Amino acid sequence: MGGSPDLAAGDIADILGHEFTDPDLLVLALTHPSATGCGPAGSNGDDAKLYNYERLEFLGDRVLGLVIADLLLRRYPKEREGKLARRHTQLVRKEALAQVAEEIGLGGHLALSRSEEGAGGRNNPAILADCCEAVIAALYLDGGISVAERFILEHWVPIMEATVEPAKDPKTALQEWAQARGLPLPSYDVVEHAGPDHQPVFAIKVTIAGQPSLTGTGKSKQSAEKAAASQMLQAIAGKDEA
């Protein structure tokens, strides 16, 4: 194993500002699947497969979504649902979670396998985002919604306030880009569907006239389409700047 979760949990609890009644919850939130033997290297049994942050990640995503939705309703009482939804999407996306994880130094407290650590896992935005969701869940389970909400508001309000206007969904932005140039609308095609039913991974290709097709991945068709659209927008922006 590349790092000790017991030591990590003791250090990070101070940063989170919460004294855990059940420290094992925080240990679990900091344990990457590779550290329990259920990653590519092999398996230590069914129980070991559960002893990582994946289940907490599932819960933390929902807790974050609820707190952010409540925050936006109170902060923007005159905005319509569409704008609120775009703000919400921007604040709960993986990039925002990874940003918060980096700000609190979460990567240094992760329990990883040696191979995952050697591959740069401590600085991997996807891993940091997933772990941050798990930490939110651990705070919620140990201290209730008020403890989780305090952490979320402390770190997400500055992100919210730094954005004057809600960001457009990348699919909407790409569609508007095409329409402004008289081009056909972008098309999206599933090129791969992998993983088990409870944790699928989709790869979707986006095609637009005059541009090379690009592929994005996600845990749902919608998120994969957004990832593909985002990559296309970045590629278009790069060409415009060249």
# chains A, B, ... in the order shown; residues from 1 in each chain; ligands from 1

$ select_by_dssp --residues "segment 70-170 of chain A" --states "alpha helix (DSSP H)" --output "PyMOL selection string"
chain A and resi 70-75+81-92+94-103+114-118+125-143+145-161+170

$ residues_around --residues "Pro125 of chain A" --least-positions-apart "2" --cutoff "8 Å" --atoms "only C-alpha atoms" --output "count of residues only"
7

$ closest_residue --among "A:Glu54, A:Asp169, A:Glu79, A:Glu192" --to "Lys226 of chain A" --atoms "only C-alpha atoms"
A:Asp169

$ residues_around --residues "segment 106-110 of chain A" --least-positions-apart "2" --cutoff "6 Å" --atoms "only C-alpha atoms" --output "PDB file with N, CA and C atoms, in the first residue's frame"
ATOM      1  N   ALA A   8      -3.539   9.134   7.736  1.00  0.00           N
ATOM      2  CA  ALA A   8      -4.186  10.133   6.899  1.00  0.00           C
ATOM      3  C   ALA A   8      -5.434  10.675   7.568  1.00  0.00           C
ATOM      4  N   LEU A  30     -11.123   7.831   2.588  1.00  0.00           N
ATOM      5  CA  LEU A  30      -9.788   8.131   2.059  1.00  0.00           C
ATOM      6  C   LEU A  30      -9.131   6.921   1.400  1.00  0.00           C
ATOM      7  N   ALA A 101     -10.684  19.560  -3.328  1.00  0.00           N
ATOM      8  CA  ALA A 101      -9.768  18.538  -2.821  1.00  0.00           C
ATOM      9  C   ALA A 101      -8.328  19.039  -2.833  1.00  0.00           C
ATOM     10  N   ILE A 104      -7.635  21.668   0.020  1.00  0.00           N
ATOM     11  CA  ILE A 104      -7.477  21.146   1.389  1.00  0.00           C
ATOM     12  C   ILE A 104      -6.386  20.075   1.472  1.00  0.00           C
ATOM     13  N   ARG A 122      -2.267  10.581  -6.558  1.00  0.00           N
ATOM     14  CA  ARG A 122      -2.516  11.640  -5.568  1.00  0.00           C
ATOM     15  C   ARG A 122      -2.862  12.974  -6.213  1.00  0.00           C
TER      16      ARG A 122
END

$ atom_distance --atom1 "atom CA of Pro184 of chain A" --atom2 "atom CA of Arg86 of chain A"
24.3 Å

$ closest_residue --among "A:Pro170, A:Gln179, A:Gln99, A:Lys221" --to "His193 of chain A" --atoms "only C-alpha atoms"
A:Lys221

$ residues_around --residues "Leu71 of chain A" --least-positions-apart "5" --cutoff "10 Å" --atoms "only C-alpha atoms" --output "ChimeraX atom specification"
/A:65-66,76,88,149,153,156-157,160

$ write_last_selection --atoms "C-alpha atoms" --output "PDB file, in the first residue's frame"
ATOM      1  CA  GLY A  65     -26.312  18.147  -4.864  1.00  0.00           C
ATOM      2  CA  LEU A  66     -28.955  18.779  -2.202  1.00  0.00           C
ATOM      3  CA  TYR A  76     -30.882  33.572  -6.422  1.00  0.00           C
ATOM      4  CA  HIS A  88     -25.905  23.667 -10.081  1.00  0.00           C
ATOM      5  CA  GLU A 149     -23.395  21.603   4.874  1.00  0.00           C
ATOM      6  CA  LEU A 153     -20.651  26.109   2.122  1.00  0.00           C
ATOM      7  CA  TRP A 156     -18.278  26.056  -2.542  1.00  0.00           C
ATOM      8  CA  VAL A 157     -19.594  29.560  -1.822  1.00  0.00           C
ATOM      9  CA  MET A 160     -20.119  30.227  -6.719  1.00  0.00           C
TER      10      MET A 160
END

$ atom_distance --atom1 "atom CA of Gly218 of chain A" --atom2 "atom CA of Gln90 of chain A"
15.9 Å
